[in-house]
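Okay, model-v2.pdb is below, PDB, C-alpha atoms (C1' of nucleotides) and all ligand atoms:
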```
ATOM      1  CA  MET A 129       0.000   0.000   0.000
ATOM      2  CA  ASP A 130       1.270   3.428  -0.983
ATOM      3  CA  ALA A 131       2.151   6.036   1.635
ATOM      4  CA  ARG A 132      -0.309   8.544   0.129
ATOM      5  CA  GLN A 133      -3.084   5.971   0.195
ATOM      6  CA  ARG A 134      -2.406   5.207   3.829
ATOM      7  CA  LEU A 135      -2.652   8.874   4.780
ATOM      8  CA  SER A 136      -5.853   9.471   2.809
ATOM      9  CA  ALA A 137      -7.454   6.317   4.152
ATOM     10  CA  ALA A 138      -6.777   7.561   7.665
ATOM     11  CA  GLY A 139      -8.189  11.005   6.911
ATOM     12  CA  LEU A 140      -4.880  12.817   7.317
ATOM     13  CA  ARG A 141      -3.710  15.671   5.090
ATOM     14  CA  ARG A 142      -1.088  14.383   2.672
ATOM     15  CA  THR A 143       1.764  16.718   3.434
ATOM     16  CA  ALA A 144       5.327  16.371   2.244
ATOM     17  CA  ALA A 145       6.599  15.571   5.725
ATOM     18  CA  ARG A 146       4.029  12.849   6.336
ATOM     19  CA  VAL A 147       4.686  11.199   3.001
ATOM     20  CA  LEU A 148       8.447  11.231   3.555
ATOM     21  CA  VAL A 149       8.235   9.883   7.093
ATOM     22  CA  THR A 150       5.726   7.204   6.146
ATOM     23  CA  GLU A 151       7.765   6.050   3.145
ATOM     24  CA  ARG A 152      10.884   5.883   5.274
ATOM     25  CA  MET A 153       9.124   3.816   7.941
ATOM     26  CA  VAL A 154       7.584   1.454   5.412
ATOM     27  CA  ALA A 155      11.009   0.989   3.814
ATOM     28  CA  GLU A 156      12.640   0.170   7.161
ATOM     29  CA  GLY A 157       9.875  -2.109   8.369
ATOM     30  CA  ARG A 158      10.981  -1.980  11.989
ATOM     31  CA  PRO A 159      10.462   0.457  14.870
ATOM     32  CA  LEU A 160      12.557   3.601  14.474
ATOM     33  CA  THR A 161      13.450   6.405  16.876
ATOM     34  CA  PRO A 162      12.559   9.989  15.987
ATOM     35  CA  ALA A 163      16.303  10.658  15.996
ATOM     36  CA  GLY A 164      16.871   7.888  13.464
ATOM     37  CA  ILE A 165      14.180   9.291  11.205
ATOM     38  CA  CYS A 166      15.651  12.785  11.492
ATOM     39  CA  GLU A 167      19.021  11.434  10.466
ATOM     40  CA  ALA A 168      17.492   9.809   7.404
ATOM     41  CA  LEU A 169      15.451  12.907   6.537
ATOM     42  CA  PRO A 170      17.644  15.923   7.333
ATOM     43  CA  GLU A 171      15.355  18.181   5.300
ATOM     44  CA  LEU A 172      12.717  17.881   8.026
ATOM     45  CA  ASP A 173      12.752  19.750  11.296
ATOM     46  CA  ARG A 174      13.095  17.654  14.444
ATOM     47  CA  VAL A 175       9.849  18.990  15.891
ATOM     48  CA  THR A 176       8.000  18.236  12.671
ATOM     49  CA  VAL A 177       9.139  14.633  12.854
ATOM     50  CA  TYR A 178       7.867  14.366  16.435
ATOM     51  CA  ARG A 179       4.512  15.883  15.510
ATOM     52  CA  THR A 180       4.242  13.776  12.372
ATOM     53  CA  LEU A 181       4.822  10.599  14.341
ATOM     54  CA  ALA A 182       2.205  11.667  16.872
ATOM     55  CA  SER A 183      -0.267  12.211  14.012
ATOM     56  CA  LEU A 184       0.431   8.823  12.490
ATOM     57  CA  GLU A 185       0.033   7.141  15.828
ATOM     58  CA  GLY A 186      -3.127   9.047  16.642
ATOM     59  CA  ALA A 187      -4.637   8.045  13.300
ATOM     60  CA  GLY A 188      -3.833   4.405  13.916
ATOM     61  CA  LEU A 189      -1.239   4.208  11.149
ATOM     62  CA  ALA A 190       1.644   3.469  13.495
ATOM     63  CA  HIS A 191       2.342   2.162  16.966
ATOM     64  CA  LYS A 192       5.079   3.100  19.375
ATOM     65  CA  VAL A 193       7.164   1.270  21.949
ATOM     66  CA  GLN A 194       9.599   2.441  24.541
ATOM     67  CA  GLY A 195      13.236   1.489  24.357
ATOM     68  CA  LEU A 196      15.321   0.862  27.472
ATOM     69  CA  ASP A 197      17.291   3.950  26.500
ATOM     70  CA  GLY A 198      14.291   6.195  27.093
ATOM     71  CA  ALA A 199      13.587   6.797  23.405
ATOM     72  CA  TRP A 200      10.316   5.754  21.791
ATOM     73  CA  ARG A 201      10.336   3.753  18.561
ATOM     74  CA  TYR A 202       7.599   4.131  15.987
ATOM     75  CA  CYS A 203       6.603   1.474  13.501
ATOM     76  CA  ILE A 204       4.070   1.570  10.674
ATOM     77  CA  ASP A 205       1.108  -0.729  11.194
ATOM     78  CA  ASP A 206       1.066  -2.854   8.111
ATOM     79  CA  SER A 207      -2.589  -3.832   7.915
ATOM     80  CA  GLU A 208      -1.778  -6.680   5.525
ATOM     81  CA  ILE A 209       0.619  -8.333   7.982
ATOM     82  CA  SER A 210      -0.041  -7.379  11.570
ATOM     83  CA  GLY A 211      -3.509  -8.588  12.499
ATOM     84  CA  CYS A 212      -2.537  -8.593  16.165
ATOM     85  CA  PRO A 213      -5.164  -6.453  17.836
ATOM     86  CA  GLY A 214      -4.098  -5.258  21.237
ATOM     87  CA  GLY A 215      -0.479  -5.130  20.213
ATOM     88  CA  HIS A 216       2.438  -7.511  20.272
ATOM     89  CA  PRO A 217       5.698  -7.931  22.180
ATOM     90  CA  HIS A 218       8.881  -6.235  20.980
ATOM     91  CA  LEU A 219      12.514  -7.250  20.927
ATOM     92  CA  LEU A 220      15.242  -4.800  21.784
ATOM     93  CA  CYS A 221      18.973  -5.300  21.409
ATOM     94  CA  THR A 222      20.763  -3.675  24.334
ATOM     95  CA  ARG A 223      23.962  -3.422  22.331
ATOM     96  CA  CYS A 224      22.961  -1.886  18.998
ATOM     97  CA  GLY A 225      19.559  -0.512  20.018
ATOM     98  CA  ALA A 226      17.699  -2.197  17.155
ATOM     99  CA  MET A 227      14.088  -3.059  17.832
ATOM    100  CA  ALA A 228      11.831  -5.612  16.179
ATOM    101  CA  CYS A 229       8.123  -6.376  16.366
ATOM    102  CA  LEU A 230       7.320  -9.924  17.452
ATOM    103  CA  LEU A 231       4.359 -10.397  15.159
ATOM    104  CA  GLY A 232       2.267 -13.485  15.496
ATOM    105  CA  GLN A 233       2.044 -13.457  19.262
ATOM    106  CA  GLY A 234      -0.220 -11.282  21.325
ATOM    107  CA  LEU A 235       0.231  -9.725  24.735
ATOM    108  CA  PRO A 236      -0.521 -11.832  27.797
ATOM    109  CA  TRP A 237      -3.563 -11.389  29.926
ATOM    110  CA  VAL A 238      -2.682  -9.822  33.270
ATOM    111  CA  ALA A 239      -4.735  -9.878  36.455
ATOM    112  CA  VAL A 240      -5.105  -6.311  37.698
ATOM    113  CA  PRO A 241      -6.594  -5.135  40.985
ATOM    114  CA  GLU A 242     -10.264  -4.228  41.194
ATOM    115  CA  GLY A 243     -10.899  -0.697  39.939
ATOM    116  CA  PHE A 244      -7.899  -0.390  37.636
ATOM    117  CA  ALA A 245      -8.984   0.402  34.061
ATOM    118  CA  VAL A 246      -6.418  -1.016  31.628
ATOM    119  CA  GLN A 247      -5.615   1.221  28.661
ATOM    120  CA  GLY A 248      -2.747  -0.742  27.194
ATOM    121  CA  LYS A 249       0.219  -2.993  27.783
ATOM    122  CA  GLN A 250       3.840  -2.979  26.748
ATOM    123  CA  LEU A 251       6.059  -6.030  26.741
ATOM    124  CA  VAL A 252       9.675  -5.489  25.772
ATOM    125  CA  VAL A 253      12.137  -8.383  25.698
ATOM    126  CA  HIS A 254      15.714  -7.174  25.782
ATOM    127  CA  GLY A 255      18.962  -8.939  25.104
ATOM    128  CA  ILE A 256      21.617  -9.339  22.429
ATOM    129  CA  CYS A 257      20.478  -9.749  18.851
ATOM    130  CA  ALA A 258      21.945 -12.369  16.544
ATOM    131  CA  SER A 259      24.046  -9.973  14.499
ATOM    132  CA  CYS A 260      25.507  -8.309  17.602
ATOM    133  CA  ALA A 261      26.293 -11.724  19.100
ATOM    134  CA  ALA A 262      28.098 -12.699  15.895
ATOM    135  CA  ALA A 263      30.012  -9.409  15.893
ATOM    136  CA  GLY A 264      30.921  -9.806  19.573
ATOM    137  CA  ALA A 265      32.196 -13.356  19.183
ATOM    138  CA  ARG A 266      34.337 -12.357  16.242
TER
ATOM    139  CA  MET B 174      14.137  -6.097  57.961
ATOM    140  CA  ASP B 175      16.058  -2.964  58.860
ATOM    141  CA  ALA B 176      17.620  -0.733  56.194
ATOM    142  CA  ARG B 177      21.083  -1.096  57.751
ATOM    143  CA  GLN B 178      20.758  -4.862  57.829
ATOM    144  CA  ARG B 179      19.793  -4.913  54.159
ATOM    145  CA  LEU B 180      22.848  -2.897  53.189
ATOM    146  CA  SER B 181      25.264  -4.979  55.251
ATOM    147  CA  ALA B 182      23.771  -8.230  53.986
ATOM    148  CA  ALA B 183      24.376  -7.051  50.440
ATOM    149  CA  GLY B 184      27.956  -6.022  51.205
ATOM    150  CA  LEU B 185      27.363  -2.301  50.688
ATOM    151  CA  ARG B 186      28.879   0.433  52.847
ATOM    152  CA  ARG B 187      26.230   1.807  55.198
ATOM    153  CA  THR B 188      26.352   5.468  54.274
ATOM    154  CA  ALA B 189      23.866   8.098  55.358
ATOM    155  CA  ALA B 190      22.483   8.479  51.845
ATOM    156  CA  ARG B 191      21.922   4.770  51.362
ATOM    157  CA  VAL B 192      20.201   4.388  54.688
ATOM    158  CA  LEU B 193      17.911   7.359  54.016
ATOM    159  CA  VAL B 194      17.019   6.239  50.493
ATOM    160  CA  THR B 195      16.425   2.654  51.561
ATOM    161  CA  GLU B 196      14.257   3.665  54.499
ATOM    162  CA  ARG B 197      12.229   5.950  52.279
ATOM    163  CA  MET B 198      11.696   3.206  49.697
ATOM    164  CA  VAL B 199      10.751   0.616  52.303
ATOM    165  CA  ALA B 200       8.270   3.089  53.790
ATOM    166  CA  GLU B 201       6.651   3.760  50.403
ATOM    167  CA  GLY B 202       6.558   0.141  49.345
ATOM    168  CA  ARG B 203       6.030   0.963  45.667
ATOM    169  CA  PRO B 204       8.290   1.955  42.778
ATOM    170  CA  LEU B 205       9.488   5.553  43.062
ATOM    171  CA  THR B 206      11.168   7.882  40.601
ATOM    172  CA  PRO B 207      14.530   9.432  41.472
ATOM    173  CA  ALA B 208      12.758  12.787  41.340
ATOM    174  CA  GLY B 209      10.196  11.629  43.883
ATOM    175  CA  ILE B 210      12.937  10.427  46.209
ATOM    176  CA  CYS B 211      14.798  13.727  45.842
ATOM    177  CA  GLU B 212      11.654  15.589  46.769
ATOM    178  CA  ALA B 213      11.267  13.490  49.907
ATOM    179  CA  LEU B 214      14.966  13.818  50.795
ATOM    180  CA  PRO B 215      16.009  17.361  49.888
ATOM    181  CA  GLU B 216      19.177  17.017  51.970
ATOM    182  CA  LEU B 217      20.576  14.642  49.330
ATOM    183  CA  ASP B 218      22.070  15.707  46.034
ATOM    184  CA  ARG B 219      20.243  14.574  42.909
ATOM    185  CA  VAL B 220      23.296  12.786  41.539
ATOM    186  CA  THR B 221      23.808  10.990  44.836
ATOM    187  CA  VAL B 222      20.269   9.664  44.647
ATOM    188  CA  TYR B 223      20.874   8.365  41.119
ATOM    189  CA  ARG B 224      24.118   6.693  42.133
ATOM    190  CA  THR B 225      22.597   5.296  45.304
ATOM    191  CA  LEU B 226      19.739   3.731  43.353
ATOM    192  CA  ALA B 227      22.215   2.233  40.903
ATOM    193  CA  SER B 228      24.138   0.723  43.833
ATOM    194  CA  LEU B 229      21.019  -0.752  45.381
ATOM    195  CA  GLU B 230      19.964  -2.227  42.074
ATOM    196  CA  GLY B 231      23.426  -3.568  41.343
ATOM    197  CA  ALA B 232      23.517  -5.249  44.742
ATOM    198  CA  GLY B 233      20.151  -6.886  44.120
ATOM    199  CA  LEU B 234      18.368  -4.868  46.822
ATOM    200  CA  ALA B 235      16.046  -3.111  44.396
ATOM    201  CA  HIS B 236      14.620  -3.474  40.913
ATOM    202  CA  LYS B 237      13.697  -0.824  38.402
ATOM    203  CA  VAL B 238      10.997  -0.404  35.789
ATOM    204  CA  GLN B 239      10.430   2.145  33.112
ATOM    205  CA  GLY B 240       7.449   4.456  33.239
ATOM    206  CA  LEU B 241       5.643   5.615  30.124
ATOM    207  CA  ASP B 242       6.830   9.105  30.973
ATOM    208  CA  GLY B 243      10.441   8.137  30.384
ATOM    209  CA  ALA B 244      11.401   8.033  34.070
ATOM    210  CA  TRP B 245      12.578   4.867  35.775
ATOM    211  CA  ARG B 246      10.991   3.749  39.049
ATOM    212  CA  TYR B 247      12.946   1.916  41.703
ATOM    213  CA  CYS B 248      11.444  -0.423  44.256
ATOM    214  CA  ILE B 249      13.039  -2.257  47.159
ATOM    215  CA  ASP B 250      13.031  -6.024  46.769
ATOM    216  CA  ASP B 251      11.347  -7.287  49.868
ATOM    217  CA  SER B 252      12.876 -10.728  50.176
ATOM    218  CA  GLU B 253      10.113 -11.809  52.545
ATOM    219  CA  ILE B 254       7.370 -11.054  50.021
ATOM    220  CA  SER B 255       8.577 -11.057  46.445
ATOM    221  CA  GLY B 256       9.726 -14.558  45.579
ATOM    222  CA  CYS B 257       9.078 -13.880  41.902
ATOM    223  CA  PRO B 258      12.384 -14.676  40.232
ATOM    224  CA  GLY B 259      12.681 -13.227  36.782
ATOM    225  CA  GLY B 260      10.572 -10.257  37.727
ATOM    226  CA  HIS B 261       6.902  -9.404  37.672
ATOM    227  CA  PRO B 262       4.557  -7.125  35.733
ATOM    228  CA  HIS B 263       3.971  -3.551  36.855
ATOM    229  CA  LEU B 264       0.948  -1.295  36.862
ATOM    230  CA  LEU B 265       1.228   2.355  35.904
ATOM    231  CA  CYS B 266      -1.438   5.009  36.200
ATOM    232  CA  THR B 267      -1.251   7.325  33.209
ATOM    233  CA  ARG B 268      -2.973  10.088  35.135
ATOM    234  CA  CYS B 269      -1.129  10.324  38.459
ATOM    235  CA  GLY B 270       2.001   8.407  37.474
ATOM    236  CA  ALA B 271       1.801   6.003  40.411
ATOM    237  CA  MET B 272       3.319   2.611  39.830
ATOM    238  CA  ALA B 273       2.672  -0.694  41.585
ATOM    239  CA  CYS B 274       4.336  -4.104  41.480
ATOM    240  CA  LEU B 275       2.018  -6.939  40.472
ATOM    241  CA  LEU B 276       3.476  -9.512  42.821
ATOM    242  CA  GLY B 277       2.318 -13.063  42.585
ATOM    243  CA  GLN B 278       2.434 -13.312  38.826
ATOM    244  CA  GLY B 279       5.529 -13.841  36.740
ATOM    245  CA  LEU B 280       6.450 -12.620  33.296
ATOM    246  CA  PRO B 281       5.203 -14.592  30.306
ATOM    247  CA  TRP B 282       7.364 -16.791  28.201
ATOM    248  CA  VAL B 283       8.010 -15.229  24.803
ATOM    249  CA  ALA B 284       9.150 -16.988  21.638
ATOM    250  CA  VAL B 285      12.188 -15.153  20.304
ATOM    251  CA  PRO B 286      13.969 -15.688  16.995
ATOM    252  CA  GLU B 287      16.932 -18.053  16.787
ATOM    253  CA  GLY B 288      20.130 -16.376  17.931
ATOM    254  CA  PHE B 289      18.590 -13.754  20.204
ATOM    255  CA  ALA B 290      19.955 -14.042  23.764
ATOM    256  CA  VAL B 291      17.326 -12.814  26.222
ATOM    257  CA  GLN B 292      18.656 -10.735  29.119
ATOM    258  CA  GLY B 293      15.379  -9.617  30.611
ATOM    259  CA  LYS B 294      11.783  -8.630  30.083
ATOM    260  CA  GLN B 295       9.592  -5.751  31.084
ATOM    261  CA  LEU B 296       5.801  -5.835  31.134
ATOM    262  CA  VAL B 297       4.044  -2.599  32.032
ATOM    263  CA  VAL B 298       0.252  -2.417  32.133
ATOM    264  CA  HIS B 299      -0.967   1.144  31.964
ATOM    265  CA  GLY B 300      -4.348   2.682  32.607
ATOM    266  CA  ILE B 301      -6.263   4.634  35.230
ATOM    267  CA  CYS B 302      -5.872   3.606  38.841
ATOM    268  CA  ALA B 303      -8.820   3.232  41.187
ATOM    269  CA  SER B 304      -8.186   6.428  43.130
ATOM    270  CA  CYS B 305      -7.779   8.504  39.949
ATOM    271  CA  ALA B 306     -10.989   7.000  38.528
ATOM    272  CA  ALA B 307     -12.819   7.944  41.714
ATOM    273  CA  ALA B 308     -11.379  11.461  41.584
ATOM    274  CA  GLY B 309     -12.258  11.831  37.912
ATOM    275  CA  ALA B 310     -15.855  10.705  38.345
ATOM    276  CA  ARG B 311     -16.331  13.129  41.192
TER
ATOM    277  C1'  DC C  88      -7.992  28.416 -11.814
ATOM    278  C1'  DT C  89      -8.104  31.438  -7.753
ATOM    279  C1'  DT C  90      -9.255  32.267  -2.975
ATOM    280  C1'  DC C  91      -9.043  31.291   1.780
ATOM    281  C1'  DG C  92      -8.756  29.339   6.372
ATOM    282  C1'  DA C  93      -7.664  25.443   9.242
ATOM    283  C1'  DG C  94      -4.023  22.812   9.941
ATOM    284  C1'  DA C  95       1.029  21.809   9.318
ATOM    285  C1'  DT C  96       5.770  23.397   9.450
ATOM    286  C1'  DG C  97      10.180  25.683  11.046
ATOM    287  C1'  DC C  98      12.685  27.805  14.505
ATOM    288  C1'  DA C  99      13.958  29.143  19.085
ATOM    289  C1'  DA C 100      13.612  28.457  23.638
ATOM    290  C1'  DC C 101      12.609  25.505  27.189
ATOM    291  C1'  DC C 102      11.935  21.320  30.543
ATOM    292  C1'  DC C 103      13.086  16.936  32.413
ATOM    293  C1'  DT C 104      15.793  12.799  33.094
ATOM    294  C1'  DG C 105      20.027  11.105  33.471
ATOM    295  C1'  DT C 106      25.397  11.166  33.104
ATOM    296  C1'  DT C 107      30.257  12.646  33.703
ATOM    297  C1'  DG C 108      34.298  14.923  35.858
ATOM    298  C1'  DT C 109      36.477  16.341  39.889
ATOM    299  C1'  DA C 110      37.543  18.049  44.428
ATOM    300  C1'  DT C 111      36.197  16.868  49.063
ATOM    301  C1'  DT C 112      34.381  13.961  52.640
ATOM    302  C1'  DT C 113      33.454   9.639  55.027
ATOM    303  C1'  DG C 114      33.273   5.039  56.937
ATOM    304  C1'  DA C 115      35.156   0.444  57.794
ATOM    305  C1'  DG C 116      39.229  -2.151  58.709
ATOM    306  C1'  DG C 117      43.726  -2.289  60.668
TER
ATOM    307  C1'  DC D  23      43.193   7.051  65.979
ATOM    308  C1'  DC D  24      44.951   6.362  60.786
ATOM    309  C1'  DT D  25      44.372   5.378  56.258
ATOM    310  C1'  DC D  26      42.557   5.096  51.783
ATOM    311  C1'  DA D  27      39.141   3.289  48.747
ATOM    312  C1'  DA D  28      34.628   4.368  48.113
ATOM    313  C1'  DA D  29      30.965   7.734  48.333
ATOM    314  C1'  DT D  30      29.233  12.526  48.113
ATOM    315  C1'  DA D  31      28.439  17.403  46.402
ATOM    316  C1'  DC D  32      28.561  20.602  42.875
ATOM    317  C1'  DA D  33      28.805  22.019  38.277
ATOM    318  C1'  DA D  34      28.592  21.166  33.641
ATOM    319  C1'  DC D  35      26.829  18.481  30.053
ATOM    320  C1'  DA D  36      23.957  15.365  26.823
ATOM    321  C1'  DG D  37      19.756  13.481  24.936
ATOM    322  C1'  DG D  38      14.861  13.148  24.302
ATOM    323  C1'  DG D  39      10.935  15.544  24.047
ATOM    324  C1'  DT D  40       7.638  19.800  24.357
ATOM    325  C1'  DT D  41       5.769  24.553  23.768
ATOM    326  C1'  DG D  42       4.823  29.118  21.613
ATOM    327  C1'  DC D  43       4.495  31.564  17.749
ATOM    328  C1'  DA D  44       5.142  33.339  13.083
ATOM    329  C1'  DT D  45       4.905  31.545   8.493
ATOM    330  C1'  DC D  46       3.517  28.405   4.971
ATOM    331  C1'  DT D  47       0.566  24.975   2.496
ATOM    332  C1'  DC D  48      -2.988  21.676   1.541
ATOM    333  C1'  DG D  49      -7.444  21.058  -0.215
ATOM    334  C1'  DA D  50     -12.196  22.449  -0.310
ATOM    335  C1'  DA D  51     -15.256  25.821  -2.039
ATOM    336  C1'  DG D  52     -16.493  29.121  -5.414
TER
HETATM  337 MN    MN A 401       5.474  -3.516  16.835
HETATM  338 MN    MN A 402       8.197  -4.474  40.982
HETATM  339 ZN    ZN A 403      21.984  -5.743  18.183
HETATM  340 ZN    ZN A 404      -3.618   7.233  39.386
END
```

Encoding of this model in structure tokens:
Amino acid sequence: MDARQRLSAAGLRRTAARVLVTERMVAEGRPLTPAGICEALPELDRVTVYRTLASLEGAGLAHKVQGLDGAWRYCIDDSEISGCPGGHPHLLCTRCGAMACLLGQGLPWVAVPEGFAVQGKQLVVHGICASCAAAGAR
Amino acid sequence: MDARQRLSAAGLRRTAARVLVTERMVAEGRPLTPAGICEALPELDRVTVYRTLASLEGAGLAHKVQGLDGAWRYCIDDSEISGCPGGHPHLLCTRCGAMACLLGQGLPWVAVPEGFAVQGKQLVVHGICASCAAAGAR
DNA sequence: CTTCGAGATGCAACCCTGTTGTATTTGAGG
DNA sequence: CCTCAAATACAACAGGGTTGCATCTCGAAG
């Protein structure tokens, strides 16, 4: 699905910044930090990238997850693949900072105390990714 | 168990800062942000609080969890209660920022791709806590 | 094709969390 | 007591993210 189509389908104005950011995220296919996107798109202002990501997330075109480093990662929701309502766990490499969506598995049910209204859950599994392990052993 | 005993048992020097921070955390009984601890203990320098919390965590006397607001929360490990090796889920109120340990349940098993070496997991359930819901309805 | 206004962008300044460097103090063991 | 490694205070810094405001631009309406 084309970036422009995604934006229109979600009822968002198709601005240059949104098209660029969306295309970049689709091309990467994994959760990216705002900083990483800024690096890839130096023609965009940092604040614009933050606001663009917030728009995409608000419109349901992307989801975000927190890294252990305090930075959020945003990833396009690919409606053809995901199909994991309620979200999915994420992998995070503590060495290189790369994040990956663990599609195909959902989030666990958790027993919460009476009166607590659950809005969402976040499950991040951290460790050393395969490529970092290979590089470290070398 | 006394704060001093905890420190000695873990092989840490019993300094004034560590005793104060530990006592404060035991008294609260829930995960606290460094900022919250600083507020409660204005006689301590901010950096000292950060380094003290790192010491406690390194010695296995406390664990930490990330809040959705980007701040870490530290909580004393009460050896008499916890007994949840590998950690436990945490609750976070998105309105007041209060966090709670969900003792009694462990973290789920997650299928990770071949070659990924898991170091740890973090499961944060966020929503509106009972007292905030009551306050909001009022 | 032109007009026009809500919404998006760029820029500067700011806040908050956390870290690092370094001189000074402190506490536990001898 | 002494001693010295470890811990503390203070200042400076770094990174992620937000806010306010002037300017620009998309897209609907004429
Ligand atoms: Mn994901
Ligand atoms: Mn806990
Ligand atoms: Zn890696
Ligand atoms: Zn609350």

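The neighbours of segment 46-50 of chain D here are the residues that come within 10 Å of it, using all atoms listed in the file and leaving out any residue fewer than 2 positions away in the same chain; they are Arg141, Arg142, Thr143 and Ala144 of chain A; DC91, DA93, DG94, DA95, DT96 and DG97 of chain C; DA44 and DG52 of chain D.
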
Practice problem: Can you check which residues of chain B have any atom within 12 Å of chain C? Use all atoms listed in the file and format it as a ChimeraX atom specification. | Solution: /B:181,184-190,206-208,219-224,227,239-240,242-246

Exercise. Write as an MDAnalysis selection string the residues around ligand MN 402 (chain A), taking 12 Å as the cut-off and counting all atoms listed in the file.
Key: chainID B and resid 202:205 234:240 245:251 254:265 272:280 295:297

Serialized selection, C-alpha atoms, as a PDB file, in the frame of the given file:
```pdb
ATOM      1  CA  GLY B 202       6.558   0.141  49.345  1.00  0.00           C
ATOM      2  CA  ARG B 203       6.030   0.963  45.667  1.00  0.00           C
ATOM      3  CA  PRO B 204       8.290   1.955  42.778  1.00  0.00           C
ATOM      4  CA  LEU B 205       9.488   5.553  43.062  1.00  0.00           C
ATOM      5  CA  LEU B 234      18.368  -4.868  46.822  1.00  0.00           C
ATOM      6  CA  ALA B 235      16.046  -3.111  44.396  1.00  0.00           C
ATOM      7  CA  HIS B 236      14.620  -3.474  40.913  1.00  0.00           C
ATOM      8  CA  LYS B 237      13.697  -0.824  38.402  1.00  0.00           C
ATOM      9  CA  VAL B 238      10.997  -0.404  35.789  1.00  0.00           C
ATOM     10  CA  GLN B 239      10.430   2.145  33.112  1.00  0.00           C
ATOM     11  CA  GLY B 240       7.449   4.456  33.239  1.00  0.00           C
ATOM     12  CA  TRP B 245      12.578   4.867  35.775  1.00  0.00           C
ATOM     13  CA  ARG B 246      10.991   3.749  39.049  1.00  0.00           C
ATOM     14  CA  TYR B 247      12.946   1.916  41.703  1.00  0.00           C
ATOM     15  CA  CYS B 248      11.444  -0.423  44.256  1.00  0.00           C
ATOM     16  CA  ILE B 249      13.039  -2.257  47.159  1.00  0.00           C
ATOM     17  CA  ASP B 250      13.031  -6.024  46.769  1.00  0.00           C
ATOM     18  CA  ASP B 251      11.347  -7.287  49.868  1.00  0.00           C
ATOM     19  CA  ILE B 254       7.370 -11.054  50.021  1.00  0.00           C
ATOM     20  CA  SER B 255       8.577 -11.057  46.445  1.00  0.00           C
ATOM     21  CA  GLY B 256       9.726 -14.558  45.579  1.00  0.00           C
ATOM     22  CA  CYS B 257       9.078 -13.880  41.902  1.00  0.00           C
ATOM     23  CA  PRO B 258      12.384 -14.676  40.232  1.00  0.00           C
ATOM     24  CA  GLY B 259      12.681 -13.227  36.782  1.00  0.00           C
ATOM     25  CA  GLY B 260      10.572 -10.257  37.727  1.00  0.00           C
ATOM     26  CA  HIS B 261       6.902  -9.404  37.672  1.00  0.00           C
ATOM     27  CA  PRO B 262       4.557  -7.125  35.733  1.00  0.00           C
ATOM     28  CA  HIS B 263       3.971  -3.551  36.855  1.00  0.00           C
ATOM     29  CA  LEU B 264       0.948  -1.295  36.862  1.00  0.00           C
ATOM     30  CA  LEU B 265       1.228   2.355  35.904  1.00  0.00           C
ATOM     31  CA  MET B 272       3.319   2.611  39.830  1.00  0.00           C
ATOM     32  CA  ALA B 273       2.672  -0.694  41.585  1.00  0.00           C
ATOM     33  CA  CYS B 274       4.336  -4.104  41.480  1.00  0.00           C
ATOM     34  CA  LEU B 275       2.018  -6.939  40.472  1.00  0.00           C
ATOM     35  CA  LEU B 276       3.476  -9.512  42.821  1.00  0.00           C
ATOM     36  CA  GLY B 277       2.318 -13.063  42.585  1.00  0.00           C
ATOM     37  CA  GLN B 278       2.434 -13.312  38.826  1.00  0.00           C
ATOM     38  CA  GLY B 279       5.529 -13.841  36.740  1.00  0.00           C
ATOM     39  CA  LEU B 280       6.450 -12.620  33.296  1.00  0.00           C
ATOM     40  CA  GLN B 295       9.592  -5.751  31.084  1.00  0.00           C
ATOM     41  CA  LEU B 296       5.801  -5.835  31.134  1.00  0.00           C
ATOM     42  CA  VAL B 297       4.044  -2.599  32.032  1.00  0.00           C
TER      43      VAL B 297
END
```

Exercise. Residues of chain A no more than 7 Å from chain B, counting all atoms listed in the file: send them over as a PyMOL selection string.
Key: chain A and resi 198+236+243-258

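Among the candidate residues D:DC32, D:DA51, D:DG37, D:DG42, the one lying nearest to chain B is D:DC32, with distances computed using only C-alpha atoms (C1' of nucleotides).
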
With all atoms listed in the file counted and 8 Å as the cut-off, give the residues of chain D in contact with chain B, each with its shortest interatomic distance in Å and the pair that gives it, as CSV.
```
residue,atom,partner,partner_atom,distance
D:DA29,C1',B:Thr188,CA,7.9
D:DT30,C1',B:Thr221,CA,6.5
D:DA31,C1',B:Asp218,CA,6.6
```

Quiz prompt | Point-to-point distance in Å for atom CA of Thr195 of chain B and atom CA of Gly209 of chain B | solution = 13.4 Å

Quiz item: Separation of atom CA of Val192 of chain B and atom CA of Leu180 of chain B, in Å?
Solution: 7.9 Å

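One finds atom CA of Ala182 of chain B at 15.8 Å from atom CA of Val199 of chain B.
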
Using 5 Å of padding on each side, determine the axis-aligned box around all atoms of segment 158-162 of chain A present in the file and give its centre and edge lengths in Å to one decimal, as JSON.
```
{"center_x": 12.0, "center_y": 4.0, "center_z": 14.4, "size_x": 13.0, "size_y": 22.0, "size_z": 14.9}
```
